[in-house]
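Trainee: For reference, the structure I am asking about is given below.
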Amino acid sequence: MTNTSDNFDADVVVVGGGIIGGSFACLLGQAGLKVILLDAGVRQVNSLKKVDARVFAITRASEQILKKAGAWRRIQENEIACFRKMHVWDENGLGEINFDSASICQPTMGYIISHQVIIDALQEKLLDMENVRCIWSASAAFIKNETNAMLLETEDGLQFRSKLVVAADGCNSKIRSLANIHYHKHDYKQSALACVVTTEYPHEEIARQRFLKRGPLAFLPMLDPHQSAIVWSTNPDHAQRLKESDKSVFHFELAEAFANELGEIKESSERIVFPLSRAQAEQYVQPRLALIGDSAHTVHPLAGLGANLGLLDAAALADVLIDSVSRGRDPGRLQVLRRYERRRKGENHSVMYLMDGFKHLFENETQTVQWLRNLGLDMVDSLPIAKHAIMKRAMGLEGNLPIIARGRS
Ligand SMILES: Cc1cc2nc3c(=O)[nH]c(=O)nc-3n(C[C@H](O)[C@H](O)[C@H](O)COP(=O)(O)OP(=O)(O)OC[C@H]3O[C@@H](n4cnc5c(N)ncnc54)[C@H](O)[C@@H]3O)c2cc1C
């Protein structure tokens, strides 16, 4: 498809080979564009030697994106867990809500897959594409818009000219700061503790979340019926204390916080702690530059949406670029890139504030608010039409989806 002239090293240089940058590079590669992907890290081949505490809930829309990126089929069946139901309830009160994929004739609500499994599948696919060149241990250090091309230089002095640079270099994006794009960041003063635990009772493929007054505690079902990945959002001191506590103390406190829903905690993996914030870049695009994934925004993990939103960015930008290249247009033009920004910025903003709303609602200790939110949970639970609409939207089956995220692969 591409007719990259000799003045360009690539149509697009992607900075960052995480889930979002890797998927984006695969999508462009599949469409025949010439791509260079740089990552500051070392490439790790099949690096999953131990239990990965970083585990993602992947929506059905993200499944489509990973399929079209050519990565999904490289994930083994025994590396993908399904969750067919979801159970959400409040520490203070009897209100609860239950979702079941069967009620909307779907085989599953989504998947639970470890971060490293997805990265390995993407890297395998990237290495298979002749029009995509991956360079590891290469940190982007400098960019310059030369009007007809974007020049990017790495810390080691490698230089690349392309029509467009796409930043997928995470929440502390170097490219975003080189471009002087302001990142509106709100520190939640919360941290999330993540690890994989073995429970006394089987999870029955149900994703569970209990809202505690310090923050939500989620158990995501893994392939082993007794294993779940947990994400426990709480205040930073508590998270640190949990991380450092003896296994037996940690297991006891976790089971108690989860109201012994899955019985005793029998075993647990390494515990990792992430600080939590919500952030949004003031602009997603400039001439010859676009931001995707965490470099453009971060959200609270309470709905497990961060990477899913980033994948929608990758799909929306790929839609726009593939279309513009097929019409012979310059993919780095601001008018082209604005189409991506219009599709994603408002949408990400709405999700961000919806998560904020939930967070504040469930942390509110006023009795009236507690009573109202429990009533609200029960009301939605008893209204199938509203419940089904929420489910379809959250699963990525409906809504304003990029073409790449829709339908069959
Ligand atoms: C506790 C927790 C639980 C979560 N759970 C979920 C979940 O269940 N579902 C979900 O969808 N999301 C979840 N998220 C969010 C998710 O982790 C992120 O949104 C996602 O990983 C962002 O991916 P990314 O590729 O944009 O950034 P990153 O994963 O941060 O990747 C950035 C890449 O850029 C590279 N890089 C950085 N700087 C440079 C540079 N100067 N030059 C070259 N390369 C560079 C890095 O080496 C890295 O490979 C969770 C987040 C947290 C904190």
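Chain labels follow the order of the structure tokens: the first chain is A, the next B, and so on; residue numbering restarts at 1 in every chain, and ligands are counted from 1 in their shown order.
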Could you list the protein, DNA and RNA residues that have any atom within 6 Å of ligand 1, counting only C-alpha atoms and all ligand atoms, and write them as a PyMOL selection string?
Mentor: chain A and resi 15-21+38-41+56-58+138-140+168-170+173-174+192+194+231+274+293-295+301+304-308
Trainee: Which residues come within 9 Å of Leu334 in chain A, counting only C-alpha atoms, excluding same-chain residues fewer than 5 positions away, as an mmCIF file with N, CA and C atoms, in the first residue's frame?
Mentor:
data_model
loop_
_atom_site.group_PDB
_atom_site.id
_atom_site.type_symbol
_atom_site.label_atom_id
_atom_site.label_comp_id
_atom_site.auth_asym_id
_atom_site.auth_seq_id
_atom_site.Cartn_x
_atom_site.Cartn_y
_atom_site.Cartn_z
ATOM 1 N N VAL A 285 -2.980 15.410 19.351
ATOM 2 C CA VAL A 285 -2.268 15.494 18.070
ATOM 3 C C VAL A 285 -1.641 16.861 17.879
ATOM 4 N N GLN A 286 -0.577 16.876 17.096
ATOM 5 C CA GLN A 286 0.045 18.083 16.566
ATOM 6 C C GLN A 286 0.433 17.723 15.133
ATOM 7 N N PRO A 287 0.835 18.675 14.309
ATOM 8 C CA PRO A 287 1.272 18.274 12.979
ATOM 9 C C PRO A 287 2.377 17.215 13.081
ATOM 10 N N ARG A 288 2.185 16.087 12.427
ATOM 11 C CA ARG A 288 3.141 14.959 12.353
ATOM 12 C C ARG A 288 3.369 14.247 13.684
ATOM 13 N N LEU A 289 2.434 14.420 14.625
ATOM 14 C CA LEU A 289 2.572 13.757 15.926
ATOM 15 C C LEU A 289 1.211 13.355 16.489
ATOM 16 N N ARG A 339 -9.076 14.017 12.975
ATOM 17 C CA ARG A 339 -10.205 13.074 12.911
ATOM 18 C C ARG A 339 -10.061 12.031 14.010
#
Trainee: Any idea what's packed within 9 Å of His186 in chain A, counting only C-alpha atoms, ignoring anything in its chain fewer than 2 positions away? Could you give it as a ChimeraX atom specification?
Mentor: /A:184,188-189,276-279
Trainee: Compare A:Trp89, A:Tyr201, A:Tyr340, A:Phe83 by their minimum atom-to-atom distance to Asn260 in chain A, counting only C-alpha atoms, and give me the closest one.
Mentor: A:Tyr201
Trainee: Please compute the CA of Ala167 in chain A-CA of Thr147 in chain A distance, one decimal, in Å.
Mentor: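 These two atoms are separated by 18.3 Å.
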Trainee: Fewer than 5 positions away in the same chain doesn't count, so skip those; otherwise give me all residues within 9 Å of Pro236 in chain A, counting only C-alpha atoms, as a ChimeraX atom specification.
Mentor: /A:189-192,241,273,275
Trainee: Output all heavy atoms of each residue in that selection to a file, as a CSV table (one decimal), in the first residue's frame.
Mentor:
chain,number,residue,atom,x,y,z
A,189,LYS,N,-4.3,9.8,45.2
A,189,LYS,CA,-3.8,9.5,46.5
A,189,LYS,C,-4.2,8.1,46.9
A,189,LYS,O,-4.6,7.8,48.0
A,189,LYS,CB,-4.2,10.5,47.5
A,189,LYS,CG,-3.7,11.9,47.1
A,189,LYS,CD,-3.8,12.9,48.2
A,189,LYS,CE,-3.1,14.2,47.9
A,189,LYS,NZ,-3.2,14.7,46.6
A,190,GLN,N,-4.1,7.2,45.9
A,190,GLN,CA,-4.5,5.8,46.1
A,190,GLN,C,-3.4,5.0,45.4
A,190,GLN,O,-2.8,5.5,44.4
A,190,GLN,CB,-5.8,5.4,45.5
A,190,GLN,CG,-7.0,5.4,46.4
A,190,GLN,CD,-8.2,4.9,45.8
A,190,GLN,OE1,-8.3,4.6,44.6
A,190,GLN,NE2,-9.2,4.7,46.6
A,191,SER,N,-3.2,3.8,45.8
A,191,SER,CA,-2.3,2.8,45.1
A,191,SER,C,-3.1,1.5,44.9
A,191,SER,O,-4.0,1.2,45.6
A,191,SER,CB,-1.0,2.5,45.9
A,191,SER,OG,-0.3,3.7,46.0
A,192,ALA,N,-2.7,0.8,43.8
A,192,ALA,CA,-3.3,-0.5,43.6
A,192,ALA,C,-2.3,-1.6,43.9
A,192,ALA,O,-1.2,-1.5,43.4
A,192,ALA,CB,-3.8,-0.6,42.2
A,241,ARG,N,1.9,-1.3,53.2
A,241,ARG,CA,1.8,-2.3,54.4
A,241,ARG,C,1.4,-3.7,53.9
A,241,ARG,O,2.0,-4.7,54.3
A,241,ARG,CB,0.9,-1.7,55.5
A,241,ARG,CG,1.0,-2.4,56.8
A,241,ARG,CD,0.4,-1.5,57.9
A,241,ARG,NE,-0.9,-1.0,57.7
A,241,ARG,CZ,-2.0,-1.7,57.6
A,241,ARG,NH1,-2.0,-3.0,57.8
A,241,ARG,NH2,-3.2,-1.2,57.4
A,273,VAL,N,2.9,-2.9,43.5
A,273,VAL,CA,2.0,-1.8,43.9
A,273,VAL,C,2.2,-0.7,42.8
A,273,VAL,O,3.3,-0.4,42.4
A,273,VAL,CB,2.5,-1.2,45.3
A,273,VAL,CG1,1.8,0.2,45.5
A,273,VAL,CG2,2.1,-2.2,46.4
A,275,PRO,N,1.0,3.4,41.8
A,275,PRO,CA,0.3,4.6,42.2
A,275,PRO,C,-0.8,4.9,41.2
A,275,PRO,O,-0.7,4.5,40.0
A,275,PRO,CB,1.4,5.7,42.1
A,275,PRO,CG,2.4,5.1,41.2
A,275,PRO,CD,2.3,3.6,41.2
Trainee: Can you check which residues of range 142-309 of chain A DSSP gives as alpha helix (DSSP H) on the backbone and send them as a list of chain:residue names?
Mentor: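 After running DSSP on the backbone, range 142-309 of chain A has alpha helix (DSSP H) at A:Lys174, A:Ile175, A:Arg176, A:Ser177, A:Leu178, A:Pro236, A:Asp237, A:His238, A:Ala239, A:Gln240, A:Arg241, A:Leu242, A:Lys243, A:Glu244, A:Lys247, A:Ser248, A:Val249, A:Phe250, A:His251, A:Phe252, A:Glu253, A:Leu254, A:Ala255, A:Glu256, A:Ala257, A:Gly306, A:Ala307, A:Asn308, A:Leu309.
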Trainee: Which residue is closest to Val117 in chain A? Choose from A:Ile75, A:Ala314, A:Leu337, A:Cys105 and count only C-alpha atoms.
Mentor: A:Ile75
Trainee: Work out how far CA of Gly29 in chain A is from CA of Ile322 in chain A, in Å to one decimal.
Mentor: 10.3 Å
Trainee: Could you check which of A:Gln116, A:Asn7, A:Gln64, A:Thr366 is closest to Leu151 in chain A, using only C-alpha atoms?
Mentor: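 Ranked by minimum distance to Leu151 in chain A, first place goes to A:Asn7.
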